[in-house]
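Undergrad: See input_7.tsv below, with TSV, C-alpha atoms.
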chain	number	residue	atom	x	y	z
A	1	MET	CA	5.57	-3.92	-12.46
A	2	SER	CA	2.33	-1.99	-12.25
A	3	THR	CA	2.34	1.63	-11.15
A	4	ARG	CA	0.45	1.03	-7.91
A	5	LEU	CA	2.50	-2.02	-6.88
A	6	LEU	CA	5.58	0.15	-7.23
A	7	SER	CA	4.23	3.22	-5.47
A	8	VAL	CA	1.74	1.98	-2.84
A	9	GLN	CA	3.34	0.20	0.09
A	10	GLY	CA	1.50	-2.98	1.06
A	11	LYS	CA	-0.81	-2.97	-1.97
A	12	ILE	CA	-2.57	-6.29	-2.55
A	13	HIS	CA	-1.64	-7.88	-5.90
A	14	GLU	CA	-4.60	-7.90	-8.32
A	15	LEU	CA	-5.29	-9.04	-11.87
A	16	SER	CA	-5.15	-5.43	-13.07
A	17	ASP	CA	-1.54	-5.24	-11.83
A	18	ASP	CA	-0.56	-8.15	-14.07
A	19	LEU	CA	-2.40	-6.64	-17.03
A	20	GLU	CA	-0.66	-3.29	-16.57
A	21	SER	CA	2.71	-5.01	-16.17
A	22	HIS	CA	2.18	-6.76	-19.50
A	23	PHE	CA	1.32	-3.41	-21.10
A	24	PHE	CA	4.63	-1.97	-19.95
A	25	VAL	CA	6.53	-5.02	-21.22
A	26	LEU	CA	4.86	-4.57	-24.62
A	27	LEU	CA	5.61	-0.84	-24.64
A	28	PHE	CA	9.22	-1.44	-23.58
A	29	GLU	CA	9.86	-3.97	-26.34
A	30	GLY	CA	8.06	-1.83	-28.91
A	31	LEU	CA	10.10	1.25	-28.07
A	32	HIS	CA	13.27	-0.78	-28.44
A	33	PHE	CA	12.60	-2.88	-31.54
A	34	VAL	CA	9.61	-1.55	-33.53
A	35	GLU	CA	10.37	1.49	-35.67
A	36	HIS	CA	8.59	4.59	-34.36
A	37	THR	CA	8.62	8.38	-34.34
A	38	LYS	CA	10.45	8.89	-31.02
A	39	PRO	CA	13.81	7.13	-31.19
A	40	TYR	CA	16.17	8.48	-28.51
A	41	ALA	CA	13.54	10.99	-27.33
A	42	ILE	CA	12.16	9.14	-24.28
A	43	ASP	CA	13.94	8.83	-20.94
A	44	MET	CA	13.67	5.06	-20.63
A	45	GLN	CA	15.37	4.91	-17.25
A	46	ALA	CA	12.97	7.45	-15.73
A	47	LEU	CA	9.98	5.66	-17.23
A	48	PHE	CA	10.84	2.03	-16.48
A	49	ASP	CA	13.52	2.01	-13.77
A	50	GLN	CA	12.83	4.96	-11.45
A	51	ALA	CA	13.13	3.88	-7.81
A	52	THR	CA	13.89	5.34	-4.40
A	53	VAL	CA	14.77	3.84	-1.03
A	54	ASP	CA	13.38	5.22	2.23
A	55	PRO	CA	16.49	5.81	4.39
A	56	LYS	CA	14.51	5.17	7.58
A	57	THR	CA	12.69	1.96	6.67
A	58	GLY	CA	14.73	0.66	3.73
A	59	ASN	CA	11.51	0.23	1.74
A	60	HIS	CA	11.84	0.50	-2.03
A	61	SER	CA	9.28	2.40	-4.08
A	62	GLY	CA	9.03	3.63	-7.66
A	63	GLY	CA	6.66	4.26	-10.51
A	64	GLN	CA	6.95	8.05	-10.63
A	65	GLY	CA	7.91	7.88	-14.32
A	66	LYS	CA	4.83	5.80	-15.05
A	67	VAL	CA	2.63	8.20	-13.06
A	68	PHE	CA	4.08	11.04	-15.13
A	69	LEU	CA	3.32	9.14	-18.34
A	70	TYR	CA	-0.33	8.77	-17.35
A	71	SER	CA	-0.77	12.24	-15.90
A	72	ASN	CA	1.09	14.45	-18.35
A	73	MET	CA	1.98	12.62	-21.54
A	74	PHE	CA	-1.38	12.18	-23.30
A	75	ASP	CA	-0.10	13.90	-26.45
A	76	LEU	CA	3.02	11.71	-26.55
A	77	MET	CA	1.09	8.45	-26.30
A	78	ASN	CA	-1.92	9.36	-28.44
A	79	ARG	CA	-0.46	11.65	-31.11
A	80	GLU	CA	3.31	11.96	-31.17
A	81	LEU	CA	4.40	8.35	-30.63
A	82	GLU	CA	3.47	6.37	-33.72
A	83	PHE	CA	4.84	2.99	-34.75
A	84	THR	CA	5.28	2.04	-38.41
A	85	SER	CA	2.94	-0.86	-37.67
A	86	LYS	CA	-0.52	0.75	-37.50
A	87	PRO	CA	-2.22	-2.15	-35.65
A	88	PHE	CA	0.54	-2.04	-33.03
A	89	THR	CA	0.08	1.71	-32.62
A	90	THR	CA	-3.67	1.24	-32.16
A	91	LEU	CA	-3.09	-1.51	-29.61
A	92	ILE	CA	-0.58	0.49	-27.55
A	93	ARG	CA	-2.81	3.58	-27.54
A	94	GLY	CA	-5.87	1.58	-26.51
A	95	LEU	CA	-4.02	-0.12	-23.66
A	96	TYR	CA	-2.58	3.19	-22.54
A	97	ARG	CA	-6.05	4.74	-22.29
A	98	LEU	CA	-7.35	1.84	-20.19
A	99	PHE	CA	-4.51	2.04	-17.68
A	100	ALA	CA	-4.49	5.84	-17.64
A	101	SER	CA	-8.14	5.58	-16.61
A	102	LEU	CA	-7.20	3.06	-13.91
A	103	HIS	CA	-4.61	5.52	-12.60
A	104	ASP	CA	-7.08	8.43	-12.62
A	105	TYR	CA	-9.76	6.27	-10.99
A	106	HIS	CA	-7.57	5.44	-8.00
A	107	ALA	CA	-6.17	8.98	-7.82
A	108	ALA	CA	-9.72	10.31	-7.47
A	109	LYS	CA	-10.52	7.73	-4.79
A	110	VAL	CA	-7.45	8.72	-2.77
A	111	LYS	CA	-8.54	12.36	-2.88
A	112	GLY	CA	-12.07	11.46	-1.81
A	113	LYS	CA	-13.53	12.48	-5.16
A	114	VAL	CA	-16.01	10.72	-7.40
A	115	PRO	CA	-14.15	9.12	-10.35
A	116	ASP	CA	-15.01	10.34	-13.83
A	117	PRO	CA	-17.62	8.09	-15.53
A	118	PHE	CA	-15.26	7.62	-18.48
A	119	ASP	CA	-12.61	6.22	-16.12
A	120	VAL	CA	-15.15	4.03	-14.30
A	121	ASN	CA	-16.23	2.53	-17.63
A	122	ASN	CA	-12.65	1.75	-18.61
A	123	VAL	CA	-11.86	0.23	-15.22
A	124	LYS	CA	-14.80	-2.14	-15.67
A	125	LYS	CA	-13.24	-3.26	-18.95
A	126	LEU	CA	-10.20	-4.47	-16.97
A	127	GLU	CA	-12.31	-6.86	-14.90
A	128	GLY	CA	-11.71	-10.38	-16.17
A	129	CYS	CA	-9.43	-9.07	-18.95
A	130	LEU	CA	-12.41	-8.20	-21.18
A	131	GLY	CA	-11.16	-4.81	-22.32
A	132	VAL	CA	-7.63	-6.05	-22.92
A	133	GLU	CA	-8.90	-9.09	-24.85
A	134	ALA	CA	-11.05	-6.83	-27.04
A	135	LEU	CA	-8.06	-4.68	-27.93
A	136	PHE	CA	-5.90	-7.69	-28.80
A	137	ASP	CA	-8.72	-9.24	-30.83
A	138	GLU	CA	-9.08	-6.02	-32.80
A	139	ALA	CA	-5.34	-5.93	-33.41
A	140	ARG	CA	-5.16	-9.57	-34.52
A	141	GLN	CA	-8.00	-9.08	-36.99
A	142	SER	CA	-6.31	-6.13	-38.68
A	143	LYS	CA	-5.14	-6.65	-42.28
A	144	GLU	CA	-2.42	-4.01	-41.93
A	145	TRP	CA	0.21	-6.02	-40.10
A	146	PRO	CA	3.52	-6.17	-41.99
A	147	THR	CA	4.00	-9.36	-43.97
A	148	LYS	CA	7.73	-9.49	-43.24
A	149	CYS	CA	9.68	-9.13	-40.01
A	150	ASP	CA	9.85	-5.41	-39.22
A	151	LYS	CA	12.17	-5.64	-36.22
A	152	VAL	CA	14.79	-2.88	-36.20
A	153	LEU	CA	18.07	-2.43	-34.38
A	154	ASP	CA	17.69	-1.40	-30.76
A	155	GLN	CA	16.48	2.23	-30.74
A	156	TYR	CA	17.35	2.59	-27.05
A	157	PRO	CA	20.68	0.78	-26.60
A	158	PRO	CA	22.61	1.18	-23.33
A	159	THR	CA	23.86	4.75	-22.99
A	160	LYS	CA	27.48	3.67	-23.31
A	161	HIS	CA	26.67	2.48	-26.85
A	162	LEU	CA	25.12	5.78	-28.00
A	163	ASN	CA	27.00	8.11	-30.29
A	164	SER	CA	27.44	11.77	-29.36
A	165	GLU	CA	24.45	12.93	-31.44
A	166	GLN	CA	22.16	10.36	-29.85
A	167	LYS	CA	23.27	11.33	-26.35
A	168	ASP	CA	22.40	14.97	-27.11
A	169	THR	CA	18.84	14.09	-28.15
A	170	VAL	CA	17.89	11.63	-25.39
A	171	ALA	CA	14.86	12.80	-23.41
A	172	LEU	CA	14.44	16.09	-25.28
A	173	SER	CA	10.71	15.58	-25.70
A	174	TYR	CA	9.84	13.46	-22.68
A	175	LEU	CA	10.48	14.87	-19.22
A	176	ASN	CA	10.78	18.63	-18.87
A	177	GLN	CA	11.37	18.31	-15.15
A	178	SER	CA	13.31	15.89	-13.01
A	179	LEU	CA	11.50	13.12	-11.22
A	180	VAL	CA	11.91	13.38	-7.48
A	181	PRO	CA	10.39	11.34	-4.64
A	182	VAL	CA	7.12	12.71	-3.31
A	183	PRO	CA	7.87	14.07	0.20
A	184	SER	CA	5.90	12.38	2.96
A	185	SER	CA	4.72	15.79	4.15
A	186	GLY	CA	3.39	16.97	0.81
A	187	LYS	CA	3.01	16.44	-2.91
A	188	ARG	CA	5.45	17.13	-5.70
A	189	LYS	CA	4.36	20.40	-7.27
A	190	ARG	CA	4.05	20.99	-10.99
A	191	GLU	CA	3.25	24.25	-12.73
A	192	SER	CA	-0.35	24.41	-13.91
A	193	GLU	CA	-0.92	20.79	-12.87
A	194	SER	CA	-4.65	21.19	-12.46
A	195	GLY	CA	-4.94	22.76	-15.91
A	196	ILE	CA	-2.92	19.96	-17.48
A	197	ARG	CA	-5.06	17.28	-15.85
A	198	ARG	CA	-8.32	18.96	-16.86
A	199	SER	CA	-7.06	19.23	-20.43
A	200	THR	CA	-5.90	15.61	-20.43
A	201	ARG	CA	-9.22	14.33	-19.10
A	202	ALA	CA	-11.12	16.33	-21.70
A	203	LYS	CA	-8.95	14.92	-24.48
A	204	ARG	CA	-9.36	11.33	-23.26
A	205	SER	CA	-13.13	11.67	-23.14
A	206	GLN	CA	-13.15	12.57	-26.84
A	207	VAL	CA	-11.55	9.26	-27.81
A	208	GLY	CA	-13.37	5.93	-27.69
A	209	PRO	CA	-11.66	3.18	-25.67
A	210	TYR	CA	-10.94	1.00	-28.71
A	211	GLN	CA	-10.22	3.64	-31.39
Please, can you express the file's structure as structure tokens?
TA:
Amino acid sequence: MSTRLLSVQGKIHELSDDLESHFFVLLFEGLHFVEHTKPYAIDMQALFDQATVDPKTGNHSGGQGKVFLYSNMFDLMNRELEFTSKPFTTLIRGLYRLFASLHDYHAAKVKGKVPDPFDVNNVKKLEGCLGVEALFDEARQSKEWPTKCDKVLDQYPPTKHLNSEQKDTVALSYLNQSLVPVPSSGKRKRESESGIRRSTRAKRSQVGPYQ
């Protein structure tokens, strides 16, 4: 599911939610079955399955792992995580930048701030699927796709199937702090959060939406 459908109670379902959901399906399958530079180094449960239940209302919510991915993991998604298939890497990075902008756009709105023009431009690309279609068209036209099946054995099998060495390396480079529910009376605090976000925004603005 999309980040905002998971985290915002009563959110109205929009086209952008379906587009983001498809991005996460593509990322999930790629991390499992396309060879890449981060096998066993990403906390898949925190990213894809994080959920909490409000003990008072029984309402389910989630998405904190996805929020963390957008807010703090620019280097992972745009530099460190690289698939052996170059067109697939380009596609995943382009989609990530679009939906990171969508996240930042709504985060700014919630805080009563004016969204960054870079994020506004990317959000417009999600209207009517235009930006997503452009990224897929670019990927399909690439001449660098492998000519033979490049599927690999599951790089993130169920934990019970991991050997001892794999268990020791899971999540070493992903989350440096535990994901906890955001208290209703305040926000989850992170060290130097404002500095991280300023740095992330500056880095995003240096990269074109389809590069």
Undergrad: As an exercise, work out the distance from atom CA of Gln64 of chain A to atom CA of Glu20 of chain A in Å and give it to one decimal place.
TA: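 The value is 14.9 Å.
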Undergrad: Can you measure atom CA of Leu153 of chain A to atom CA of Ser21 of chain A for me? One decimal in Å is fine.
TA: 24.0 Å
Undergrad: Quick one: of A:Ile42, A:Val110, A:Leu126, A:Val34, who's nearest to Asp18 of chain A, counting all atoms listed in the file?
TA: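 Checking each of A:Ile42, A:Val110, A:Leu126, A:Val34 against Asp18 of chain A, counting all atoms listed in the file, the winner is A:Leu126.
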Undergrad: Counting only C-alpha atoms, which residues of segment 62-99 of chain A fall within 10 Å of segment 26-33 of chain A, and what is the closest atom pair for each with its distance in Å at one decimal, ordered by chain and rising number, as CSV?
TA:
residue,atom,partner,partner_atom,distance
A:Leu81,CA,A:Leu31,CA,9.5
A:Phe83,CA,A:Gly30,CA,8.2
A:Phe88,CA,A:Gly30,CA,8.6
A:Thr89,CA,A:Gly30,CA,9.5
A:Leu91,CA,A:Leu26,CA,9.9
A:Ile92,CA,A:Leu27,CA,7.0
A:Arg93,CA,A:Leu27,CA,9.9
A:Leu95,CA,A:Leu27,CA,9.7
A:Tyr96,CA,A:Leu27,CA,9.4
Undergrad: Provide the atom CA of His103 of chain A to atom CA of Phe48 of chain A distance in Å, to one decimal place.
TA: 16.3 Å
Undergrad: Distance cut-off 9 Å, centre (2.1, 3.5, -6.3) in file coordinates, counting all atoms listed in the file: which residues qualify? Return them as an NGL selection string.
TA: :A and (2-9 or 11 or 61-64 or 67)
Undergrad: Which is closest to His36 of chain A among A:Leu76, A:Leu135, A:Ile12, A:Leu69, if we use all atoms listed in the file?
TA: A:Leu76
Undergrad: Between A:Ala108, A:Leu98, A:Ala46, A:Leu15, which is the closest to Lys125 of chain A once you count all atoms listed in the file?
TA: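 Of the candidates, the smallest distance to Lys125 of chain A is held by A:Leu98.
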Undergrad: Neighbourhood query: residues within 12 Å of (-10.3, -8.3, -15.0), file coordinates, counting only C-alpha atoms; return as a list in words.
TA: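 Every polymer residue passing the test: Glu14, Leu15, Ser16, Asp17, Asp18, Leu19, Glu20, Leu98, Leu102, Asn122, Val123, Lys124, Lys125, Leu126, Glu127, Gly128, Cys129, Leu130, Gly131, Val132 and Glu133 of chain A.
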